[in-house]
Amino acid sequence: MRRIEWHTTIDSTMRRAAELADEGCEAGTIVAAEQQTAGVGRQGREWASAEGGLYFTVVLRPKLSVQELPMVTMALGLAVCDAVQLFGGVSCDLRWPNDVLVGDRKLAGILTQWRNGAVLAGIGVNVGQREFPAPLSAIATSLALETGSALESRALLSAIAASIDTHVRVLESRGTREILQLFSSASSYADGRRVTVDLPLGPVTGVTAGLTADGFLLVRKDDGEQIEVTAGGVRPHTEG
Ligand code: BTN
């Protein structure tokens, strides 16, 4: 039986999951919350965590090395997509490395952290929100907005948790190539998509050209040079 710790409000499920991981909790343990007061996103950004969303961190102990963490992130994206399709009948797209989209709007975000051999997989899903404050209103969506109905967060959590188990097993047993292939088929961003990538030295525009064996994104720049993008910040290119 999986341990699920539910909180009405918590600072961040990442912080609490790290505590449990350090205490040696079992793989699959979940910390979930209805809202967070200090939700964290990628690159130290804040993750808006108002009531209506589903916020959770699952502690994984995959038989993988830290170098394979990008693959875990991709496997988690696939897991969320499958569960959302099954549970809510909504088809998702994946924007490398970790955004779950419906059309061009973000439905869920994934944050993976390596911690002493464990992986803390933090997932935030917009479930019941009917509106978002600016600037999110222009870029976010929720299952309520997509389906017109109110879906139960706890049931959605069970569906995503089962899907995560399946996808982590696929990664462990069939290897990284399988996850790369599945991700490439599920993501409109993996190949042939005109994007802008925000790099430390400034934005770069080009066309995506597949994934490397390590799970990084290849982008062919307008000057013909091909670069390997190792961290996020990919967005659709808009002219003008
Ligand atoms: C992203 O920036 O796209 C990743 C967002 C990850 C947010 C989730 S919500 C549950 C868990 N707890 C946090 O504080 N962050 C992650």
# chains A, B, ... in the order shown; residues from 1 in each chain; ligands from 1
>>> residues_around(residues="Asp198 in chain A", least_positions_apart="3", cutoff="9 Å", atoms="only C-alpha atoms", output="list in words")
Leu201, Gly202, Pro203, Val204, Thr205, Gly232, Gly233, Val234 and Arg235 of chain A
>>> residues_near_ligand(ligand="ligand 1", cutoff="10 Å", atoms="only C-alpha atoms and all ligand atoms", output="VMD selection string")
chain A and resid 10 to 17 31 to 49 53 to 58 97 to 100 106 to 112 120 to 126 232 to 233
>>> closest_residue(among="A:Ala159, A:Leu69, A:Ala150, A:Ala138", to="Leu86 in chain A", atoms="only C-alpha atoms")
A:Ala159
>>> closest_residue(among="A:Leu136, A:Leu182, A:Leu151, A:Val102", to="Ala79 in chain A", atoms="only C-alpha atoms")
A:Leu182
>>> select_by_dssp(residues="range 3-237 of chain A", states="helix (DSSP H, G or I)", output="PyMOL selection string")
chain A and resi 13-22+42-44+66-88+136-138+143-147+153-174+176-186
>>> closest_atom_pairs(of="range 54-131 of chain A", to="range 165-175 of chain A", cutoff="12 Å", atoms="only C-alpha atoms", output="tab-separated table")
residue	atom	partner	partner_atom	distance
A:Val58	CA	A:Asp165	CA	10.4
A:Val59	CA	A:Asp165	CA	11.2
A:Leu60	CA	A:Val168	CA	8.8
A:Arg61	CA	A:Val168	CA	9.7
A:Pro62	CA	A:Glu172	CA	7.2
A:Lys63	CA	A:Glu172	CA	6.6
A:Leu64	CA	A:Glu172	CA	7.4
A:Ser65	CA	A:Glu172	CA	11.0
A:Glu68	CA	A:Leu171	CA	9.8
A:Leu69	CA	A:Leu171	CA	11.0
A:Pro70	CA	A:Leu171	CA	11.5
A:Met71	CA	A:Leu171	CA	7.8
A:Val72	CA	A:Val168	CA	7.2
A:Thr73	CA	A:Val168	CA	10.0
A:Met74	CA	A:His167	CA	9.5
A:Ala75	CA	A:His167	CA	5.7
A:Leu76	CA	A:His167	CA	7.2
A:Gly77	CA	A:His167	CA	9.5
A:Leu78	CA	A:His167	CA	7.5
A:Ala79	CA	A:His167	CA	6.1
A:Val80	CA	A:His167	CA	9.8
A:Cys81	CA	A:His167	CA	11.1
A:Asp82	CA	A:His167	CA	9.8
A:Ala83	CA	A:Thr166	CA	10.8
A:Val119	CA	A:Val168	CA	11.4
A:Ala121	CA	A:Val168	CA	11.5
>>> atom_distance(atom1="CA of Gly192 in chain A", atom2="CA of Thr208 in chain A")
5.1 Å
>>> select_by_dssp(residues="range 41-198 of chain A", states="strand (DSSP E or B)", output="CSV table (one decimal) with C-alpha atoms, in the first residue's frame")
chain,number,residue,atom,x,y,z
A,46,GLU,CA,7.8,30.5,-8.0
A,51,GLU,CA,-6.5,26.1,-4.3
A,53,GLY,CA,-4.7,22.7,-8.5
A,54,LEU,CA,-3.1,19.4,-7.6
A,55,TYR,CA,0.4,19.7,-6.1
A,56,PHE,CA,2.4,16.6,-5.2
A,57,THR,CA,5.9,15.1,-5.0
A,58,VAL,CA,6.6,11.4,-5.4
A,59,VAL,CA,9.8,10.0,-4.0
A,60,LEU,CA,11.3,7.6,-6.6
A,93,ASP,CA,1.5,17.9,-25.9
A,94,LEU,CA,5.0,17.8,-24.3
A,95,ARG,CA,7.4,20.7,-24.5
A,99,ASP,CA,5.9,21.1,-19.7
A,100,VAL,CA,2.6,19.3,-20.2
A,101,LEU,CA,0.5,21.4,-22.6
A,102,VAL,CA,-2.9,21.4,-24.1
A,105,ARG,CA,-1.2,26.4,-22.9
A,106,LYS,CA,0.5,24.9,-19.9
A,107,LEU,CA,-1.6,22.3,-18.0
A,108,ALA,CA,1.1,20.8,-15.7
A,109,GLY,CA,4.8,21.4,-14.8
A,110,ILE,CA,7.3,18.9,-13.6
A,111,LEU,CA,10.4,19.5,-11.4
A,112,THR,CA,12.8,16.7,-10.7
A,113,GLN,CA,15.6,16.9,-8.1
A,114,TRP,CA,18.2,14.3,-7.3
A,115,ARG,CA,18.7,13.7,-3.6
A,118,ALA,CA,16.5,9.3,-4.6
A,119,VAL,CA,14.6,11.4,-7.2
A,120,LEU,CA,12.0,13.9,-5.9
A,121,ALA,CA,9.5,14.2,-8.7
A,122,GLY,CA,7.3,17.3,-8.1
A,123,ILE,CA,4.3,17.7,-10.3
A,124,GLY,CA,1.8,20.6,-10.4
A,125,VAL,CA,-1.4,20.1,-12.4
A,126,ASN,CA,-4.1,22.7,-13.0
A,140,ALA,CA,-2.1,28.5,-18.6
A,191,ASP,CA,11.6,17.8,-34.1
A,192,GLY,CA,10.9,20.4,-36.8
A,193,ARG,CA,9.4,23.1,-34.6
A,194,ARG,CA,10.5,26.7,-34.8
A,195,VAL,CA,11.4,27.8,-31.3
A,196,THR,CA,13.2,30.5,-29.3
A,197,VAL,CA,15.5,29.2,-26.6
A,198,ASP,CA,16.5,31.4,-23.7
>>> atom_distance(atom1="CA of Leu217 in chain A", atom2="CA of Glu178 in chain A")
16.2 Å
>>> closest_residue(among="A:Leu180, A:Val66, A:Val207, A:Ile30", to="Ser158 in chain A", atoms="only C-alpha atoms")
A:Ile30
>>> closest_residue(among="A:Gln67, A:Thr238, A:Gly88, A:Leu211", to="Ser185 in chain A", atoms="only C-alpha atoms")
A:Leu211
>>> residues_around(residues="Gln129 in chain A", least_positions_apart="3", cutoff="9 Å", atoms="only C-alpha atoms", output="PyMOL selection string")
chain A and resi 50-53+126+132+141-145
>>> atom_distance(atom1="CA of Ala155 in chain A", atom2="CA of Ile4 in chain A")
12.6 Å
>>> closest_residue(among="A:Gly103, A:Gly210, A:Gly89, A:Gly117", to="Ala18 in chain A", atoms="only C-alpha atoms")
A:Gly117
